[in-house]
Amino acid sequence: MRKKSFLLAVALFLGLSLLLGGCSQKQASDKTTGQKDDYVVYTVADSNGDWGFPSPWGHYQRGPGYLRMSFIFDTLIWKDEQGFVPALASEWQYDQENKSYIFTLRDDVFWHDGQKLTVDDVIFTWEYMQEHTYPWVDLSYIENIEAKENNQIEIKLKTEYAPFLANVAGTLPIIPKHIWQNVTEPEKFTEPEAAIGSGPFKYVDYNKEHGTYLYQANENYYNGQVRVDQLKFIKLNPQMTVAALQKGEVQAAAIQPEMAEQLNTTLQVLTETGSSNVKLMFNHRQDPLNNKEFRQALAYALDREELVAKAVRGFGLAGHPWLYTPDSFWYNPNVEQYEYDPQKTAEILTKLGYQRDPSTESAYWFKDNKQLQLGLLCDANLIRAAEIIKEQLAKVGIAIEIKSVETQSRDARILAWDFDLALNSHGGLGGDPELLNRFFLDEAFNSARFQANRELVSLIQQQATIMEEEARKELVDEIQTILAEEVAALTLYYPQAFWAHNGQVPLFYTKGGIAGGIPLPLNKLSFIES
Amino acid sequence: MRKKKIITYLAALGFILILNFLLPRLLPGDPFMAIYGEEAALSLSEAAKEELRAKMNLDKSLIAQFKVYLLTLAKGDLGYSYALNQPVRTVISKVLPWTLLLVGSALILSTLIGLILGIESGWRRGTRADRWILLTVVGLSALPNFLIGILLLLFFAVQLGWFPLGGAVTPYSGFTGTAYLLDVFKHLFLPLLALTLAQVPRSYLLTRASVLGNLSYPYVRTAAAKGLKPLQIRYKHVGRNSLLPISASLGVSVGSALAGSLFIEIVFSYPGMGSLIHQAIAQRDYPLLQGILLVIALTVILANLATDILASKIDPRIRKE
Amino acid sequence: MVDYQAKKEFLASFLASKEIILGGCLAIILAASFLILPWLLKGDPYQTSLNIFTPPNKEYLLGTNDVGQDILAGLLLGGQNSLKVAVGVGILSTCLAVGFGVLAALVGGRLDTFIMRMIDIILVIPNIFIIILVSAYLKPSLGLEIILISLLTWLGGARVIRAQVLSLKERTHVYAAILFGANLAYIFFRHILPELIPLVLSIFLQGARRAIFMEAALGFLGIVDPNVISWGTMINQSLNFFYLDVWRWWLLPTAGALSLSLISLTLIGRGLEETFISNSERRSKIATDQ
């Protein structure tokens, strides 16, 4: 008797937990429709998982967040391997005299809820973003937007703005007026309607805890047939990637460099260097890092070649003090390169009034009886680089205390100026030189926010308004010289990125990066049969 | 006797509450961050922070703060996770079933296995079989649970590819009915095996020791003299008596299995309380961390209470005490 | 001189247990290698180098990790740290257990009730959760770790000691000593402590074993001082690269060292209990062991 009731209780308990556990998943699985035989599910994995709700204001302000949104929301134009291609706009032209762009909108585009996409929606998007800033697009150069006849829109600029196509027309997601017009707090609007767009995929589900996204192919996509029926983004421990790819649990994922050799032949590997970097950021709002000579002293003390060899095990390029790689059109070779020279560090520090006991090898520098010690903020991805920087700086007598936190809180601390030194990484280096604004002036966590040198600020602002390439290059060269002199931020290295996929979808690295320069091979165009 | 136990449990709950309350407030550093977590400290506006400080009486005396703290908890409000942008209660209620499934099944399995092994091995005390079982289990008990998990994961999921690499279900599989249950079971198998292996030594050693004690009692000889088969004696008589110590320590077993699941879940990225603790630690999401530990403490206390009631039902001697 | 015979018997039964001998040898070999090998090998576990993921060779007996650090040197330093924590917690928690256990038993009355109730209360919640909560706030250094773990591991031991002392109190010679008004300290050192030695040893081992486990577990969770090399952190780091061959000389030896240390202490503990501690005591100990 007793045994029976015990077993019954056990069975009940197990059943109950299964049921409860199932509940959270059930909702999502109900939404997946009946599956055909040739139903293609494509799964992309990454180690973070959660990049925010995939609406323009819901996604986290980093490349992968924007990409997850970009599968749902289309822009006026887009980029493929070669350059700009039509998207919502079938044609565009620049009217130099009036400083205005004219876009011809397609008239066969429908929102995912069946409503027609019109010129009104484009104008609404611009108006809405005046009120609710979308950090990925700088609209301050736009004078106004007007509807013309024949489905045309004219965007008038205040001044000439060279990066307009890449950074505005090719980045700005168009949102449906009938859904957003009454939304006052777009950051908090995360109902399923908030993810109604006009892109190749429809939103089905997003799960913050599990870091998963589920999209369904948009069968009525105006631009062509979508290659897969379902697109999933899931979270995966990075070390599991090879196993998951080979078992077919995942179709595409970033991999560690050494994994490339271990993959079997059915998998393809994509690799790319130079469109993203790892950089050292300085809190130049406080002593001693507000002194440019001190920052120079640090730059001389860091052996960037050794950093590449150790922190990324040789898979990457040593950094050039300012952002561009030597093979870039915008690269200026005639700036101070800060070759490794600890002697110079010692000279500068002595000049700045620091003292060091020469009798002991490992002694740290002192000033006013205080040891020279700096905090170095980083996240778990960059902890090894941080350890090597600590080792290198210890050699020249600067003590470093590493503070490793989550990526998001590192970014938040940088934004709040709550750091001395910080390690950060970002992409976008292949994009338009407008990135000078983005990574040196803008109020963002991957920006140096360096406004101390007024001349530099005005030069950077000026260069974006020059349409003529040679003249712009001259200005950009000059900016690089000043940036190198100021050491506003120091590019340490350009890591080599690797992706592996099963070839089902022809993934590619977009020239100059997706949209504003995202260096990931997840361009939505590769999912569309042309 | 029952009353004394209940007081002990209440006091244990009080101990955890006081610890949860005092830790963030007495440690050096910013109490705001220690109470609300890093995300809140960094992303909330000054006005919002001021409101929270006022709400929790942070500028008043500790006693006034404790009062508010208890009152909020009494309303079932476990706080708010600013990192996940959700109430802690919601977050926990989503992952708790997975942990209960894992811990519950592991407890049942490990108790059964431990019981059988313990009886067989105790019955044959001193023989080679007994020594080998004992040695194996003692060796097993010395291994840290996360190592057992890592080895199982590396071998069965990564090298052989027999099982999924992590998680509790295939995300968005669209499975229903049996296919769904099978999917859940496939994901559960390895973590369950790991946790069961980690838990077997407890029940085995307990059973073996109690069997050894029982064998010398006259009733065993009486039963043998009555001509009962050894199998009957072993399981009906000795076995049943060995159930008592096991059921009496079930409360502690629940605690130890929960502690084990913490590490096993992390190894297998199983989306339960353990993985959540790991995430809360990494994100310095203190409200979530405190909430989880409070829920775990409550679970353990309730398990202890249930055990005591159960034990007094099974064994009348306890009731009389 | 009276005790001479007893001591001899004690030693004899000590050596009669295979488990004690096996575990003891293992423990001595491990401890000795953690203390002596670093002197002989002179590897620096912190020094990074350009030899990344080197397989085991003459210079690096266990190869190097992802930043070219000597894995064997790290393993040995991790062993030293584990040893420090084990001995530290062993001593501290045994002192607390003996102190409170004896105090409760000898003084009795309200103090006894109070101590025992406190122990009951704290033991309800598995102590690893409390240690995790505190560590998450403090990221403790080795010293703090020792104190923290000790504060939560002496409780079970104190219970056993108290029970033992209570039963000793009943024995005639102790009883007589109390009757004759000998002071408590004298009774404790002359009559009680010698009888407690096997129990004290067993509590010490239990504490040391839990300490090694906790130290590794906290390292695995990443809530220790990041500048301290620990087996737990090494295992955690090695998992990032298990798709390479390195796990064979990075994960396995570390896991092996950790397991062997724990097994050696477990074996000695079991042996001690088999030999010196009665069955019922052992059962109650298993039941409360978390």
# chains A, B, ... in the order shown; residues from 1 in each chain; ligands from 1

$ closest_atom_pairs --of "chain C" --to "chain A" --cutoff "12 Å" --atoms "only C-alpha atoms" --output "JSON lines"
{"residue": "C:Tyr46", "atom": "CA", "partner": "A:Glu391", "partner_atom": "CA", "distance": 9.1}
{"residue": "C:Gln47", "atom": "CA", "partner": "A:Glu391", "partner_atom": "CA", "distance": 8.2}
{"residue": "C:Thr48", "atom": "CA", "partner": "A:Ile388", "partner_atom": "CA", "distance": 7.5}
{"residue": "C:Ser49", "atom": "CA", "partner": "A:Lys310", "partner_atom": "CA", "distance": 7.3}
{"residue": "C:Leu50", "atom": "CA", "partner": "A:Lys310", "partner_atom": "CA", "distance": 6.2}
{"residue": "C:Asn51", "atom": "CA", "partner": "A:Lys310", "partner_atom": "CA", "distance": 8.7}
{"residue": "C:Ile52", "atom": "CA", "partner": "A:Arg313", "partner_atom": "CA", "distance": 7.0}
{"residue": "C:Phe53", "atom": "CA", "partner": "A:Arg313", "partner_atom": "CA", "distance": 9.2}
{"residue": "C:Thr54", "atom": "CA", "partner": "A:Arg313", "partner_atom": "CA", "distance": 11.9}
{"residue": "C:Thr64", "atom": "CA", "partner": "A:Lys310", "partner_atom": "CA", "distance": 11.9}
{"residue": "C:Asn65", "atom": "CA", "partner": "A:Lys310", "partner_atom": "CA", "distance": 10.4}
{"residue": "C:Asp66", "atom": "CA", "partner": "A:Arg313", "partner_atom": "CA", "distance": 7.3}
{"residue": "C:Val67", "atom": "CA", "partner": "A:Lys310", "partner_atom": "CA", "distance": 5.3}
{"residue": "C:Gly68", "atom": "CA", "partner": "A:Lys310", "partner_atom": "CA", "distance": 7.4}
{"residue": "C:Gln69", "atom": "CA", "partner": "A:Lys310", "partner_atom": "CA", "distance": 10.2}
{"residue": "C:Lys139", "atom": "CA", "partner": "A:Lys403", "partner_atom": "CA", "distance": 11.9}
{"residue": "C:Gly222", "atom": "CA", "partner": "A:Ser404", "partner_atom": "CA", "distance": 10.8}
{"residue": "C:Ile223", "atom": "CA", "partner": "A:Ser404", "partner_atom": "CA", "distance": 11.7}
{"residue": "C:Asp225", "atom": "CA", "partner": "A:Lys403", "partner_atom": "CA", "distance": 11.0}
{"residue": "C:Pro226", "atom": "CA", "partner": "A:Ile402", "partner_atom": "CA", "distance": 8.9}
{"residue": "C:Asn227", "atom": "CA", "partner": "A:Ile402", "partner_atom": "CA", "distance": 9.2}
{"residue": "C:Asn236", "atom": "CA", "partner": "A:Gln239", "partner_atom": "CA", "distance": 11.8}
{"residue": "C:Gln237", "atom": "CA", "partner": "A:Arg384", "partner_atom": "CA", "distance": 10.8}
{"residue": "C:Ser238", "atom": "CA", "partner": "A:Gln239", "partner_atom": "CA", "distance": 10.2}
{"residue": "C:Leu239", "atom": "CA", "partner": "A:Gln239", "partner_atom": "CA", "distance": 7.4}
{"residue": "C:Asn240", "atom": "CA", "partner": "A:Gln239", "partner_atom": "CA", "distance": 5.5}
{"residue": "C:Phe241", "atom": "CA", "partner": "A:Gln239", "partner_atom": "CA", "distance": 6.3}
{"residue": "C:Phe242", "atom": "CA", "partner": "A:Gln239", "partner_atom": "CA", "distance": 6.8}
{"residue": "C:Tyr243", "atom": "CA", "partner": "A:Gln239", "partner_atom": "CA", "distance": 6.4}
{"residue": "C:Leu244", "atom": "CA", "partner": "A:Glu258", "partner_atom": "CA", "distance": 7.6}
{"residue": "C:Asp245", "atom": "CA", "partner": "A:Glu258", "partner_atom": "CA", "distance": 10.7}
{"residue": "C:Val246", "atom": "CA", "partner": "A:Glu258", "partner_atom": "CA", "distance": 11.6}
{"residue": "C:Trp247", "atom": "CA", "partner": "A:Gln239", "partner_atom": "CA", "distance": 11.9}

$ residues_around --residues "stretch 249-259 of chain C" --least-positions-apart "5" --cutoff "6 Å" --atoms "only C-alpha atoms" --output "ChimeraX atom specification"
/B:143 /C:62,235,238

$ write_last_selection --atoms "N, CA and C atoms" --output "PDB file, in the first residue's frame"
ATOM      1  N   LEU B 143      34.614  12.532  -5.824  1.00  0.00           N
ATOM      2  CA  LEU B 143      34.681  13.382  -7.011  1.00  0.00           C
ATOM      3  C   LEU B 143      33.744  14.575  -6.874  1.00  0.00           C
TER       4      LEU B 143
ATOM      5  N   LEU C  62      53.915  19.624 -18.619  1.00  0.00           N
ATOM      6  CA  LEU C  62      52.495  19.456 -18.931  1.00  0.00           C
ATOM      7  C   LEU C  62      52.052  20.446 -19.999  1.00  0.00           C
ATOM      8  N   ILE C 235      40.274  24.591 -14.224  1.00  0.00           N
ATOM      9  CA  ILE C 235      39.329  23.694 -14.905  1.00  0.00           C
ATOM     10  C   ILE C 235      38.362  24.516 -15.749  1.00  0.00           C
ATOM     11  N   SER C 238      40.154  25.808 -18.849  1.00  0.00           N
ATOM     12  CA  SER C 238      40.505  24.765 -19.815  1.00  0.00           C
ATOM     13  C   SER C 238      39.287  24.346 -20.622  1.00  0.00           C
TER      14      SER C 238
END

$ interface_residues --of "chain B" --to "chain C" --cutoff "7 Å" --atoms "only C-alpha atoms" --output "VMD selection string"
chain B and resid 8 to 9 11 to 12 139 142 to 144 206 209 249 252 255 to 256 259 278 281 293 297 300 to 301

$ atom_distance --atom1 "atom CA of A:Val250" --atom2 "atom CA of A:His501"
8.4 Å

$ interface_residues --of "chain B" --to "chain A" --cutoff "6 Å" --atoms "only C-alpha atoms" --output "list in words"
Pro97, Trp98, Leu101, Tyr172, Gly174 and Gln283 of chain B

$ residues_around --residues "A:Glu81" --least-positions-apart "4" --cutoff "8 Å" --atoms "only C-alpha atoms" --output "PyMOL selection string"
chain A and resi 508-511

$ closest_residue --among "A:Gly428, A:Gly375, A:Pro135, A:Gly274" --to "A:Pro56" --atoms "only C-alpha atoms"
A:Pro135

$ select_by_dssp --residues "stretch 325-361 of chain A" --states "helix (DSSP H, G or I)" --output "JSON, numbers by chain"
{"A": [342, 343, 344, 345, 346, 347, 348, 349, 350, 351]}

$ residues_around --residues "A:Asp477" --least-positions-apart "6" --cutoff "8 Å" --atoms "only C-alpha atoms" --output "ChimeraX atom specification"
/A:330-332

$ residues_around --residues "stretch 340-348 of chain A" --least-positions-apart "6" --cutoff "9 Å" --atoms "only C-alpha atoms" --output "PyMOL selection string"
chain A and resi 293-294+296-305+354+395-397

$ closest_residue --among "B:Gln232, B:Gln159, B:Thr176, B:Ser253" --to "B:Leu195" --atoms "only C-alpha atoms"
B:Ser253

$ atom_distance --atom1 "atom CA of A:Ala252" --atom2 "atom CA of A:Ala500"
5.7 Å

$ residues_around --residues "stretch 419-427 of chain A" --least-positions-apart "2" --cutoff "7 Å" --atoms "only C-alpha atoms" --output "list of chain:residue names"
A:Ser275, A:Ser276, A:Asn277, A:Val278, A:Lys279, A:Leu280, A:Met281, A:Phe282, A:Asn283, A:Leu374, A:Gly375, A:Leu376, A:Leu377, A:Cys378, A:Arg413, A:Ile414, A:Trp417, A:Leu429, A:Asn446, A:Gly517, A:Ile518, A:Pro519

$ residues_around --residues "B:Thr299" --least-positions-apart "3" --cutoff "10 Å" --atoms "only C-alpha atoms" --output "PyMOL selection string"
(chain B and resi 251+254-255+258+293-296+302-305) or (chain C and resi 125)

$ write_last_selection --atoms "N, CA and C atoms" --output "compact mmCIF listing (two decimals), in the first residue's frame"
# COMPACT_ATOMS: atom_id res chain seq x y z
N GLY B 251 15.28 15.42 3.98
CA GLY B 251 15.40 16.87 3.96
C GLY B 251 16.81 17.30 3.62
N VAL B 254 17.59 16.62 0.00
CA VAL B 254 17.08 17.64 -0.92
C VAL B 254 18.06 18.79 -0.99
N GLY B 255 18.54 19.24 0.16
CA GLY B 255 19.52 20.32 0.18
C GLY B 255 20.77 19.97 -0.60
N LEU B 258 20.08 19.86 -4.32
CA LEU B 258 19.94 21.20 -4.88
C LEU B 258 21.31 21.84 -5.08
N LEU B 293 18.35 32.48 -3.63
CA LEU B 293 18.79 31.80 -2.41
C LEU B 293 17.67 31.71 -1.39
N LEU B 294 16.82 32.72 -1.38
CA LEU B 294 15.68 32.67 -0.47
C LEU B 294 14.74 31.54 -0.87
N VAL B 295 14.48 31.41 -2.15
CA VAL B 295 13.59 30.35 -2.63
C VAL B 295 14.20 28.98 -2.34
N ILE B 296 15.51 28.86 -2.56
CA ILE B 296 16.16 27.58 -2.27
C ILE B 296 16.05 27.27 -0.78
N LEU B 302 10.98 23.50 3.61
CA LEU B 302 9.73 22.77 3.39
C LEU B 302 10.00 21.28 3.24
N ALA B 303 11.09 20.94 2.53
CA ALA B 303 11.42 19.52 2.36
C ALA B 303 11.70 18.89 3.71
N ASN B 304 12.41 19.62 4.57
CA ASN B 304 12.69 19.11 5.91
C ASN B 304 11.41 18.87 6.70
N LEU B 305 10.53 19.84 6.60
CA LEU B 305 9.26 19.75 7.32
C LEU B 305 8.47 18.55 6.84
N ILE C 125 20.13 24.99 6.25
CA ILE C 125 20.41 25.43 4.88
C ILE C 125 21.78 24.88 4.45
